[in-house]
file model.cif (mmCIF, C-alpha atoms)
data_run
loop_
_atom_site.label_atom_id
_atom_site.label_comp_id
_atom_site.auth_asym_id
_atom_site.auth_seq_id
_atom_site.Cartn_x
_atom_site.Cartn_y
_atom_site.Cartn_z
CA MET A 133 -13.39 7.19 27.50
CA SER A 134 -12.70 5.22 30.62
CA TRP A 135 -9.20 4.40 31.80
CA ALA A 136 -10.41 1.35 33.72
CA ILE A 137 -11.64 -0.25 30.51
CA ILE A 138 -8.42 0.60 28.72
CA GLN A 139 -6.39 -0.88 31.56
CA GLN A 140 -8.38 -4.08 31.57
CA SER A 141 -7.86 -4.55 27.84
CA LEU A 142 -4.10 -3.92 27.94
CA PRO A 143 -2.97 -7.53 28.58
CA LEU A 144 -4.90 -8.70 25.50
CA PHE A 145 -3.55 -5.85 23.42
CA ALA A 146 -0.04 -6.67 24.60
CA LYS A 147 -0.49 -10.19 23.24
CA GLY A 148 -1.73 -8.81 19.93
CA PHE A 149 1.16 -6.35 19.86
CA VAL A 150 3.71 -9.12 20.27
CA LEU A 151 2.02 -11.28 17.64
CA THR A 152 1.89 -8.38 15.16
CA LEU A 153 5.60 -7.76 15.69
CA LYS A 154 6.44 -11.45 15.43
CA LEU A 155 4.51 -12.06 12.21
CA ALA A 156 5.73 -8.80 10.69
CA THR A 157 9.38 -9.62 11.53
CA LEU A 158 9.21 -13.11 10.03
CA GLY A 159 7.37 -11.81 6.97
CA ILE A 160 9.77 -8.91 6.45
CA ILE A 161 12.89 -11.05 6.79
CA GLY A 162 11.43 -13.53 4.29
CA ALA A 163 10.42 -10.70 1.98
CA ILE A 164 13.93 -9.20 2.04
CA ILE A 165 15.49 -12.56 1.14
CA VAL A 166 12.99 -13.20 -1.67
CA GLY A 167 13.34 -9.61 -2.86
CA LEU A 168 17.13 -9.72 -2.95
CA ILE A 169 17.20 -13.00 -4.89
CA CYS A 170 14.59 -11.72 -7.36
CA SER A 171 16.35 -8.42 -7.88
CA LEU A 172 19.70 -10.13 -8.58
CA ILE A 173 18.02 -12.49 -11.06
CA TYR A 174 16.41 -9.49 -12.67
CA TYR A 175 19.62 -7.43 -12.66
CA PHE A 176 21.69 -10.09 -14.39
CA LYS A 177 18.81 -11.06 -16.68
CA LEU A 178 19.34 -14.77 -15.95
CA PRO A 179 17.62 -16.91 -18.61
CA ILE A 180 14.38 -18.75 -17.70
CA LEU A 181 14.33 -17.25 -14.18
CA THR A 182 13.89 -13.63 -15.30
CA PRO A 183 10.44 -14.11 -16.88
CA ILE A 184 9.32 -16.11 -13.83
CA VAL A 185 10.45 -13.31 -11.51
CA THR A 186 8.73 -10.71 -13.71
CA ILE A 187 5.43 -12.61 -13.65
CA TYR A 188 5.69 -13.14 -9.89
CA THR A 189 6.35 -9.48 -9.10
CA GLU A 190 3.57 -8.25 -11.40
CA VAL A 191 1.02 -10.67 -9.91
CA ALA A 192 2.05 -9.96 -6.32
CA ARG A 193 2.13 -6.19 -6.71
CA ASN A 194 -1.11 -5.87 -8.63
CA THR A 195 -3.40 -7.89 -6.37
CA PRO A 196 -4.56 -7.07 -2.83
CA LEU A 197 -3.08 -8.93 0.14
CA LEU A 198 -6.61 -9.71 1.34
CA ILE A 199 -7.38 -11.82 -1.74
CA GLN A 200 -3.94 -13.44 -1.56
CA LEU A 201 -4.71 -14.46 2.02
CA PHE A 202 -8.20 -15.74 1.18
CA PHE A 203 -6.68 -17.79 -1.59
CA LEU A 204 -4.04 -19.27 0.70
CA TYR A 205 -6.44 -19.87 3.56
CA TYR A 206 -9.65 -21.01 1.84
CA ALA A 207 -8.75 -22.11 -1.68
CA PHE A 208 -5.43 -23.91 -1.12
CA PRO A 209 -6.89 -26.63 1.13
CA ILE A 210 -8.88 -27.75 -1.95
CA LEU A 211 -5.57 -28.47 -3.66
CA GLY A 212 -4.56 -30.43 -0.58
CA TRP A 213 -2.30 -27.82 1.06
CA ARG A 214 -3.66 -27.01 4.47
CA LEU A 215 -1.91 -24.21 6.36
CA THR A 216 -2.61 -22.62 9.72
CA ALA A 217 -3.78 -19.02 9.76
CA SER A 218 -0.39 -17.76 11.00
CA GLN A 219 1.45 -19.68 8.28
CA CYS A 220 -0.89 -18.17 5.69
CA GLY A 221 -0.24 -14.73 7.10
CA ILE A 222 3.54 -15.07 6.98
CA ILE A 223 3.54 -16.65 3.51
CA GLY A 224 1.14 -13.99 2.24
CA LEU A 225 3.33 -11.22 3.63
CA ILE A 226 6.45 -12.76 2.07
CA PHE A 227 4.64 -13.18 -1.26
CA LEU A 228 3.48 -9.56 -1.31
CA GLY A 229 6.56 -8.06 0.37
CA GLY A 230 9.07 -9.97 -1.77
CA SER A 231 7.85 -8.15 -4.87
CA TYR A 232 8.04 -4.75 -3.16
CA MET A 233 11.50 -5.46 -1.76
CA ALA A 234 12.64 -6.63 -5.21
CA ALA A 235 11.55 -3.29 -6.65
CA GLY A 236 13.39 -1.49 -3.83
CA PHE A 237 16.64 -3.38 -4.46
CA THR A 238 16.32 -2.92 -8.24
CA GLY A 239 15.94 0.82 -7.71
CA GLY A 240 19.12 0.83 -5.63
CA PHE A 241 21.08 -1.20 -8.21
CA ASP A 242 19.93 1.12 -10.99
CA GLY A 243 21.27 4.06 -9.01
CA ILE A 244 24.88 2.85 -9.29
CA THR A 245 26.78 4.92 -11.83
CA LYS A 246 27.67 3.09 -15.03
CA SER A 247 31.36 3.91 -14.71
CA GLN A 248 31.56 1.81 -11.54
CA ILE A 249 30.27 -1.26 -13.32
CA GLU A 250 32.44 -0.67 -16.37
CA ALA A 251 35.48 -0.25 -14.12
CA GLY A 252 34.67 -3.59 -12.52
CA GLN A 253 34.34 -5.24 -15.90
CA ALA A 254 37.58 -3.62 -17.07
CA ILE A 255 39.60 -5.28 -14.33
CA GLY A 256 38.13 -8.61 -15.32
CA PHE A 257 35.48 -9.26 -12.66
CA THR A 258 33.11 -12.13 -13.31
CA ARG A 259 29.40 -11.41 -12.90
CA TRP A 260 29.35 -12.68 -9.34
CA GLN A 261 32.48 -10.79 -8.36
CA LEU A 262 30.86 -7.70 -9.82
CA ALA A 263 27.77 -8.34 -7.70
CA ARG A 264 29.81 -9.07 -4.57
CA TYR A 265 32.31 -6.20 -4.73
CA VAL A 266 30.62 -3.45 -6.75
CA ILE A 267 26.85 -3.78 -7.06
CA LEU A 268 25.83 -5.05 -3.63
CA PRO A 269 27.90 -2.70 -1.44
CA GLN A 270 26.78 0.40 -3.35
CA GLY A 271 23.30 -0.74 -4.39
CA LEU A 272 22.28 -1.91 -0.92
CA ALA A 273 23.12 1.47 0.58
CA LEU A 274 21.09 3.24 -2.09
CA SER A 275 18.08 0.96 -1.62
CA VAL A 276 17.88 1.39 2.17
CA PRO A 277 15.22 4.16 2.18
CA ALA A 278 12.97 2.19 -0.19
CA LEU A 279 13.38 -0.91 1.97
CA ALA A 280 12.56 1.02 5.13
CA ALA A 281 9.41 2.41 3.48
CA ASN A 282 8.46 -1.17 2.56
CA VAL A 283 9.00 -2.29 6.15
CA ILE A 284 6.50 0.33 7.34
CA PHE A 285 4.08 -0.65 4.59
CA LEU A 286 4.32 -4.36 5.46
CA ILE A 287 3.78 -3.78 9.17
CA LYS A 288 0.61 -1.86 8.32
CA GLU A 289 -0.49 -4.67 6.02
CA THR A 290 -0.45 -7.12 8.96
CA SER A 291 -3.70 -5.42 10.05
CA ILE A 292 -5.35 -7.32 7.17
CA PHE A 293 -4.51 -10.62 8.93
CA THR A 294 -7.68 -10.02 10.92
CA VAL A 295 -9.72 -11.44 8.02
CA ILE A 296 -8.27 -14.91 8.56
CA ALA A 297 -8.75 -14.56 12.33
CA ILE A 298 -5.13 -14.19 13.41
CA PRO A 299 -5.35 -12.52 16.85
CA GLU A 300 -2.98 -9.64 16.04
CA LEU A 301 -3.64 -6.02 17.08
CA THR A 302 -6.56 -5.18 14.78
CA ASN A 303 -8.23 -8.53 15.37
CA THR A 304 -7.88 -8.10 19.13
CA ALA A 305 -9.56 -4.69 18.96
CA LEU A 306 -12.40 -5.89 16.74
CA ASP A 307 -12.96 -8.92 18.97
CA LEU A 308 -13.12 -6.75 22.08
CA ILE A 309 -15.51 -4.32 20.39
CA GLY A 310 -17.71 -7.24 19.42
CA MET A 311 -17.79 -8.52 22.98
CA TYR A 312 -18.00 -5.37 25.11
CA TYR A 313 -18.96 -2.49 22.77
CA HIS A 314 -16.42 -0.08 24.28
CA THR A 315 -15.65 1.16 20.78
CA ASN A 316 -13.87 4.41 21.66
CA GLU A 317 -11.50 2.90 24.18
CA TYR A 318 -10.46 -0.09 22.08
CA LEU A 319 -9.98 1.91 18.89
CA PHE A 320 -7.94 4.44 20.86
CA VAL A 321 -5.61 1.75 22.20
CA LEU A 322 -5.37 0.26 18.71
CA VAL A 323 -4.28 3.54 17.11
CA ILE A 324 -1.78 4.18 19.92
CA ALA A 325 -0.35 0.67 19.52
CA TYR A 326 0.29 1.20 15.81
CA ALA A 327 1.74 4.64 16.54
CA ILE A 328 4.20 3.12 19.02
CA ILE A 329 5.48 0.75 16.35
CA LEU A 330 5.38 3.05 13.36
CA ILE A 331 6.34 6.55 14.52
CA PRO A 332 9.93 5.56 15.48
CA LEU A 333 10.25 3.66 12.20
CA SER A 334 9.00 6.62 10.22
CA LEU A 335 11.53 8.90 11.95
CA ILE A 336 14.31 6.43 11.13
CA LEU A 337 13.10 6.41 7.52
CA THR A 338 13.32 10.22 7.30
CA TYR A 339 16.83 10.07 8.75
CA LEU A 340 17.93 7.37 6.29
CA GLU A 341 16.52 9.28 3.33
CA ARG A 342 18.51 12.32 4.40
CA ARG A 343 21.68 10.24 4.78
CA VAL A 344 21.36 8.70 1.33
CA ARG A 345 20.52 12.06 -0.18
CA TYR A 346 23.61 13.52 1.48
CA GLY A 347 25.73 10.63 0.23
CA THR A 348 24.45 11.06 -3.32
CA PHE A 349 24.12 14.81 -3.74
CA GLY A 350 26.15 16.19 -0.84
CA HIS A 351 23.35 18.35 0.60
CA MET B 183 -13.07 -35.08 -10.44
CA ALA B 184 -16.62 -35.17 -11.74
CA HIS B 185 -16.73 -31.42 -11.89
CA SER B 186 -14.22 -28.95 -10.62
CA GLY B 187 -16.62 -26.35 -9.31
CA ILE B 188 -16.01 -23.93 -12.15
CA ASP B 189 -19.74 -24.00 -12.97
CA VAL B 190 -20.36 -22.01 -9.80
CA LEU B 191 -19.16 -19.05 -11.84
CA THR B 192 -21.70 -19.51 -14.60
CA MET B 193 -24.61 -20.73 -12.51
CA GLY B 194 -27.65 -18.45 -12.42
CA SER B 195 -26.67 -14.81 -12.30
CA ASN B 196 -23.52 -15.42 -10.29
CA PHE B 197 -21.11 -13.91 -12.78
CA TRP B 198 -23.25 -10.82 -13.27
CA ARG B 199 -23.55 -10.39 -9.53
CA LEU B 200 -19.76 -10.47 -9.24
CA LEU B 201 -19.47 -7.85 -11.96
CA GLY B 202 -22.05 -5.74 -10.11
CA GLY B 203 -19.93 -5.97 -6.98
CA LEU B 204 -16.86 -5.03 -8.99
CA TRP B 205 -18.68 -1.95 -10.26
CA ILE B 206 -19.41 -0.84 -6.67
CA THR B 207 -15.71 -1.34 -5.86
CA ILE B 208 -14.63 0.67 -8.90
CA ARG B 209 -17.17 3.43 -8.26
CA ILE B 210 -15.97 3.96 -4.69
CA ALA B 211 -12.32 3.97 -5.83
CA LEU B 212 -13.10 6.42 -8.62
CA VAL B 213 -15.19 8.92 -6.62
CA ALA B 214 -12.75 8.83 -3.69
CA SER B 215 -9.77 9.31 -6.03
CA ILE B 216 -11.29 12.31 -7.76
CA ILE B 217 -12.25 14.03 -4.50
CA GLY B 218 -8.95 13.04 -2.90
CA ILE B 219 -6.78 14.26 -5.78
CA LEU B 220 -8.54 17.64 -5.92
CA LEU B 221 -8.44 18.15 -2.15
CA GLY B 222 -4.89 16.79 -1.90
CA SER B 223 -3.60 19.12 -4.64
CA LEU B 224 -5.02 22.10 -2.79
CA LEU B 225 -3.50 20.92 0.52
CA GLY B 226 -0.19 20.31 -1.25
CA ILE B 227 -0.10 23.91 -2.49
CA LEU B 228 -1.01 25.14 1.00
CA ARG B 229 1.87 23.12 2.43
CA THR B 230 4.38 25.15 0.41
CA LEU B 231 3.19 28.40 2.01
CA PRO B 232 5.50 29.99 4.59
CA ASN B 233 2.73 29.72 7.22
CA ARG B 234 4.20 27.49 9.94
CA PRO B 235 1.08 26.53 12.01
CA LEU B 236 -0.75 25.59 8.81
CA ARG B 237 2.18 23.44 7.68
CA VAL B 238 2.32 21.67 11.03
CA VAL B 239 -1.42 20.92 11.00
CA LEU B 240 -1.31 19.58 7.46
CA ARG B 241 1.78 17.54 8.23
CA LEU B 242 0.04 15.98 11.24
CA TYR B 243 -2.97 15.20 9.03
CA LEU B 244 -0.65 13.42 6.56
CA GLU B 245 1.23 11.51 9.25
CA PHE B 246 -2.00 10.36 10.90
CA PHE B 247 -3.31 8.89 7.67
CA ARG B 248 0.11 7.38 6.91
CA ILE B 249 0.62 5.73 10.26
CA VAL B 250 -2.83 4.31 10.94
CA PRO B 251 -3.49 1.26 8.72
CA THR B 252 -6.42 1.67 6.33
CA VAL B 253 -8.33 -1.18 7.99
CA VAL B 254 -8.21 0.74 11.24
CA LEU B 255 -9.18 4.01 9.53
CA LEU B 256 -12.26 2.34 8.07
CA PHE B 257 -13.33 1.04 11.48
CA LEU B 258 -12.56 4.36 13.16
CA PHE B 259 -14.90 6.23 10.85
CA TYR B 260 -17.44 3.43 10.72
CA TYR B 261 -17.81 3.30 14.50
CA ILE B 262 -16.96 6.82 15.62
CA LEU B 263 -19.03 8.87 13.14
CA PRO B 264 -22.42 7.54 14.29
CA LYS B 265 -21.42 7.36 17.95
CA GLN B 266 -19.66 10.68 18.52
CA PHE B 267 -21.09 12.84 15.75
CA ASN B 268 -24.52 11.26 15.36
CA LEU B 269 -23.83 10.90 11.65
CA ASN B 270 -25.30 7.67 10.31
CA LEU B 271 -23.87 7.25 6.85
CA PRO B 272 -24.28 4.09 4.77
CA ALA B 273 -21.12 1.97 4.60
CA ASN B 274 -20.51 2.98 0.96
CA GLN B 275 -20.30 6.63 1.89
CA VAL B 276 -18.13 6.03 4.95
CA ALA B 277 -15.75 4.09 2.71
CA THR B 278 -15.72 6.84 0.08
CA LEU B 279 -15.04 9.43 2.77
CA VAL B 280 -12.17 7.48 4.33
CA PHE B 281 -10.58 6.76 0.97
CA ALA B 282 -10.96 10.37 -0.18
CA LEU B 283 -9.30 11.70 2.99
CA TRP B 284 -6.53 9.11 2.70
CA VAL B 285 -5.89 9.90 -0.99
CA ALA B 286 -5.91 13.62 -0.15
CA ALA B 287 -3.25 13.08 2.52
CA GLU B 288 -0.96 11.09 0.21
CA MET B 289 -1.64 13.44 -2.70
CA SER B 290 -0.74 16.50 -0.65
CA ASP B 291 2.74 15.06 -0.13
CA ILE B 292 3.17 14.22 -3.82
CA VAL B 293 2.15 17.75 -4.85
CA ARG B 294 4.28 19.42 -2.18
CA GLY B 295 7.33 17.40 -3.22
CA ALA B 296 6.83 18.23 -6.88
CA LEU B 297 6.26 21.95 -6.28
CA GLN B 298 9.37 22.19 -4.13
CA SER B 299 11.50 20.42 -6.71
CA VAL B 300 10.83 23.11 -9.31
CA SER B 301 14.11 25.02 -9.25
CA THR B 302 14.36 28.28 -7.32
CA HIS B 303 15.58 30.07 -10.47
CA GLN B 304 12.19 29.49 -12.03
CA ARG B 305 10.42 30.84 -8.97
CA GLU B 306 12.70 33.88 -8.73
CA ALA B 307 12.42 34.60 -12.44
CA GLY B 308 8.64 34.62 -12.08
CA GLN B 309 8.83 36.99 -9.14
CA ALA B 310 11.28 39.19 -11.04
CA ILE B 311 8.80 39.79 -13.84
CA GLY B 312 6.23 40.76 -11.22
CA LEU B 313 3.93 37.73 -11.06
CA ASN B 314 1.80 37.62 -7.93
CA TYR B 315 1.46 34.44 -5.83
CA TRP B 316 -1.37 32.81 -7.79
CA GLN B 317 0.08 33.83 -11.15
CA LEU B 318 3.36 32.22 -10.11
CA GLN B 319 1.49 29.02 -9.25
CA ARG B 320 -0.61 29.10 -12.39
CA TYR B 321 2.04 29.94 -14.99
CA VAL B 322 5.33 28.73 -13.51
CA LEU B 323 5.07 26.15 -10.74
CA ILE B 324 2.02 24.02 -11.56
CA PRO B 325 2.89 23.48 -15.26
CA GLN B 326 6.36 22.26 -14.26
CA ALA B 327 5.31 20.29 -11.19
CA TRP B 328 2.42 18.51 -12.92
CA PRO B 329 4.51 16.03 -14.96
CA LEU B 330 6.53 15.27 -11.81
CA CYS B 331 3.33 14.35 -9.93
CA LEU B 332 1.88 12.08 -12.56
CA PRO B 333 3.78 8.79 -12.01
CA ALA B 334 3.33 8.92 -8.23
CA THR B 335 -0.36 9.72 -8.65
CA VAL B 336 -0.94 6.74 -10.95
CA ASN B 337 0.91 4.57 -8.43
CA LEU B 338 -1.38 5.91 -5.74
CA LEU B 339 -4.39 4.92 -7.86
CA THR B 340 -3.19 1.30 -8.01
CA ARG B 341 -2.89 1.38 -4.23
CA VAL B 342 -6.43 2.74 -3.95
CA VAL B 343 -7.78 -0.08 -6.12
CA LYS B 344 -5.93 -2.69 -4.05
CA THR B 345 -7.09 -1.16 -0.80
CA THR B 346 -10.74 -1.32 -1.90
CA SER B 347 -10.47 -5.02 -1.06
CA LEU B 348 -10.89 -3.92 2.56
CA LEU B 349 -14.39 -2.56 1.90
CA MET B 350 -15.94 -5.93 2.76
CA LEU B 351 -14.77 -5.44 6.35
CA ILE B 352 -17.31 -2.68 6.92
CA SER B 353 -19.89 -4.74 4.99
CA VAL B 354 -19.94 -2.80 1.75
CA MET B 355 -21.44 -5.12 -0.90
CA ASP B 356 -18.28 -5.14 -2.96
CA VAL B 357 -16.99 -7.87 -5.25
CA ILE B 358 -15.39 -9.86 -2.41
CA ASN B 359 -18.46 -9.77 -0.21
CA ILE B 360 -20.65 -10.97 -3.08
CA GLY B 361 -18.05 -13.63 -3.87
CA GLN B 362 -18.32 -14.90 -0.29
CA GLN B 363 -22.11 -15.00 -0.52
CA ILE B 364 -21.88 -17.10 -3.67
CA ILE B 365 -19.31 -19.41 -2.07
CA GLU B 366 -21.47 -19.92 1.01
CA ALA B 367 -24.66 -20.47 -0.98
CA ASN B 368 -22.99 -23.18 -3.08
CA ASN B 369 -20.70 -24.72 -0.50
CA LYS B 370 -22.79 -27.90 -0.08
CA THR B 371 -23.07 -28.72 -3.76
CA ASP B 372 -19.78 -27.24 -4.97
CA PRO B 373 -17.13 -27.19 -2.25
CA ASN B 374 -14.52 -26.38 -4.90
CA GLY B 375 -16.33 -23.24 -5.98
CA VAL B 376 -14.24 -21.26 -3.48
CA PHE B 377 -11.18 -21.78 -5.65
CA TRP B 378 -12.82 -20.35 -8.76
CA ILE B 379 -14.61 -17.46 -7.08
CA TYR B 380 -11.49 -16.19 -5.32
CA GLY B 381 -9.53 -16.98 -8.47
CA ILE B 382 -11.76 -14.78 -10.62
CA ILE B 383 -11.68 -11.94 -8.05
CA PHE B 384 -7.88 -12.24 -8.02
CA LEU B 385 -7.97 -11.93 -11.82
CA PHE B 386 -10.36 -8.94 -11.71
CA TYR B 387 -7.99 -7.00 -9.47
CA PHE B 388 -5.01 -7.91 -11.61
CA LEU B 389 -6.77 -6.83 -14.81
CA ILE B 390 -7.56 -3.41 -13.33
CA ASN B 391 -4.20 -2.81 -11.70
CA TYR B 392 -1.78 -4.21 -14.26
CA PRO B 393 -2.48 -1.57 -16.95
CA LEU B 394 -2.33 1.17 -14.30
CA SER B 395 1.03 0.02 -12.94
CA ARG B 396 2.42 -0.38 -16.48
CA TRP B 397 1.35 3.18 -17.19
CA ALA B 398 3.02 4.41 -13.99
CA LYS B 399 6.22 2.60 -14.94
CA HIS B 400 6.14 4.08 -18.41
CA LEU B 401 5.64 7.58 -17.00
CA THR B 402 8.52 7.13 -14.54
CA GLN B 403 10.91 5.99 -17.27
CA HIS B 404 9.80 8.86 -19.48
CA GLN B 405 10.54 11.27 -16.67
CA LEU B 406 13.95 9.74 -15.93
CA GLU B 407 14.93 10.15 -19.58
CA ALA B 408 13.68 13.73 -19.59
CA THR B 409 15.70 14.68 -16.50
CA HIS B 410 18.89 12.95 -17.67
CA LEU B 411 18.91 14.66 -21.06
#

call {"tool": "encode", "arguments": {"input": "model.cif", "output": "structure tokens"}}
result
Amino acid sequence: MSWAIIQQSLPLFAKGFVLTLKLATLGIIGAIIVGLICSLIYYFKLPILTPIVTIYTEVARNTPLLIQLFFLYYAFPILGWRLTASQCGIIGLIFLGGSYMAAGFTGGFDGITKSQIEAGQAIGFTRWQLARYVILPQGLALSVPALAANVIFLIKETSIFTVIAIPELTNTALDLIGMYYHTNEYLFVLVIAYAIILIPLSLILTYLERRVRYGTFGH
Amino acid sequence: MAHSGIDVLTMGSNFWRLLGGLWITIRIALVASIIGILLGSLLGILRTLPNRPLRVVLRLYLEFFRIVPTVVLLFLFYYILPKQFNLNLPANQVATLVFALWVAAEMSDIVRGALQSVSTHQREAGQAIGLNYWQLQRYVLIPQAWPLCLPATVNLLTRVVKTTSLLMLISVMDVINIGQQIIEANNKTDPNGVFWIYGIIFLFYFLINYPLSRWAKHLTQHQLEATHL
């Protein structure tokens, strides 16, 4: 291990770090929006849309991100849709993440006690009033830990972007290893970089889980 | 379109080669899962012991495997084992090792959670009738924790299968790597072959994972009903 080599590589890693965060943020925001819409469609069992959402979530959850990316990046141009690598990465992350977020939201909505929903119906709420005043405020709070776990999962998944040559953290490390062979140093920086992003998030997740548990069970 | 490139799939032994690659993928997932589940169950039991240093070490092991992305884990072992430990394993074995250690880490948390959720009355009742530590595990805790572990374990298996897609990165001859070889070999004559090859690999993964995730869902619902009754 040589500190000089690590120091020299830091500017490149910093770039990769920023790109990882940027792509992950865009992907996660998109995934939360897609997930929320899908979970509401699923919750209210809207006709026509519900089977579409079910098929989407099953396909997205049961196939690897790597193949989804290859499909977007290599196979879609044949259909005439050409996307840049970063666009593929973000779309792939939204496609995969949306299904996970949908499951997280659905879990939260299912955790609302039945009496709450019946009380809402009893005072004459329409479906959307019920969603706005009863289901969302309580369900969102309950789904927070699952969503936070998905955020961590999706950030880790950005490491797969290396296969379509997006210069994020993992790709930066592999490129440097390929050029200079300082394997130990570059892998060390890579692990530290992920730890800097993920350890705080994982602590927040533990805290959130405790809060929700306290809110639900009182201990 | 004179031909859509679908014949790339049926040309020569292409389809059989893809299936061969799929078998390598499945074999690595299977061997790693079995080793990982056994090792992880043991670690999970150890994590419920009142031994603090042991718990801290095992917790660190879990957190390391949770925080470092699997791609990075694969490269860590692939590069560091030969360099630092002079251990030159073929890529297949490195992959199996990484996956087994990863499954063991995740499994240890599933088992620990399940063991700790068995109610203290059960544990105390066992102690009251004079069971020793291993008898308590064998007759009281494990039989009750086992059904609690099952849905999470099946979910973990679907994750293992999905993560095997990363094997190509350390040049294991898995289904994706073979797919790429076929695509490259036929790119001149069948530029559209890429669509069908990646399409069929997409389908392969779905066909393996869909039944597993349905099973996990079924088990979870079953468990919810059992706890609410």

call {"tool": "resolve_selection", "arguments": {"input": "model.cif", "expression": "the PyMOL selection byres ((chain B) within 7 of (chain A))", "output": "PDB file with C-alpha atoms, in the frame of the given file"}}
result
ATOM      1  CA  ILE B 249       0.620   5.730  10.260  1.00  0.00           C
ATOM      2  CA  VAL B 250      -2.830   4.310  10.940  1.00  0.00           C
ATOM      3  CA  PRO B 251      -3.490   1.260   8.720  1.00  0.00           C
ATOM      4  CA  VAL B 253      -8.330  -1.180   7.990  1.00  0.00           C
ATOM      5  CA  LEU B 258     -12.560   4.360  13.160  1.00  0.00           C
ATOM      6  CA  TYR B 261     -17.810   3.300  14.500  1.00  0.00           C
ATOM      7  CA  LYS B 344      -5.930  -2.690  -4.050  1.00  0.00           C
ATOM      8  CA  THR B 345      -7.090  -1.160  -0.800  1.00  0.00           C
ATOM      9  CA  SER B 347     -10.470  -5.020  -1.060  1.00  0.00           C
ATOM     10  CA  ASN B 374     -14.520 -26.380  -4.900  1.00  0.00           C
ATOM     11  CA  VAL B 376     -14.240 -21.260  -3.480  1.00  0.00           C
ATOM     12  CA  PHE B 377     -11.180 -21.780  -5.650  1.00  0.00           C
ATOM     13  CA  TYR B 380     -11.490 -16.190  -5.320  1.00  0.00           C
ATOM     14  CA  PHE B 384      -7.880 -12.240  -8.020  1.00  0.00           C
ATOM     15  CA  TYR B 387      -7.990  -7.000  -9.470  1.00  0.00           C
ATOM     16  CA  PHE B 388      -5.010  -7.910 -11.610  1.00  0.00           C
ATOM     17  CA  ASN B 391      -4.200  -2.810 -11.700  1.00  0.00           C
ATOM     18  CA  TYR B 392      -1.780  -4.210 -14.260  1.00  0.00           C
TER      19      TYR B 392
END

call {"tool": "atom_distance", "arguments": {"input": "model.cif", "atom1": "CA of Leu279 in chain B", "atom2": "CA of Gly203 in chain B"}}
result
18.9 Å

call {"tool": "resolve_selection", "arguments": {"input": "model.cif", "expression": "the PyMOL selection byres ((chain B and resi 320-329) around 8)", "output": "list in words"}}
result
Val293, Ala296, Leu297, Ser299, Val300, Gln304, Arg305, Gly308, Trp316, Gln317, Leu318, Gln319, Leu330, Cys331, Leu332, Pro333 and Gln405 of chain B

call {"tool": "closest_residue", "arguments": {"input": "model.cif", "among": "B:Ala277, B:Leu406, B:Ala287, B:Val336", "to": "Ala211 in chain B", "atoms": "all atoms listed in the file"}}
result
B:Ala277

call {"tool": "atom_distance", "arguments": {"input": "model.cif", "atom1": "CA of Ile244 in chain A", "atom2": "CA of Gly271 in chain A"}}
result
6.3 Å
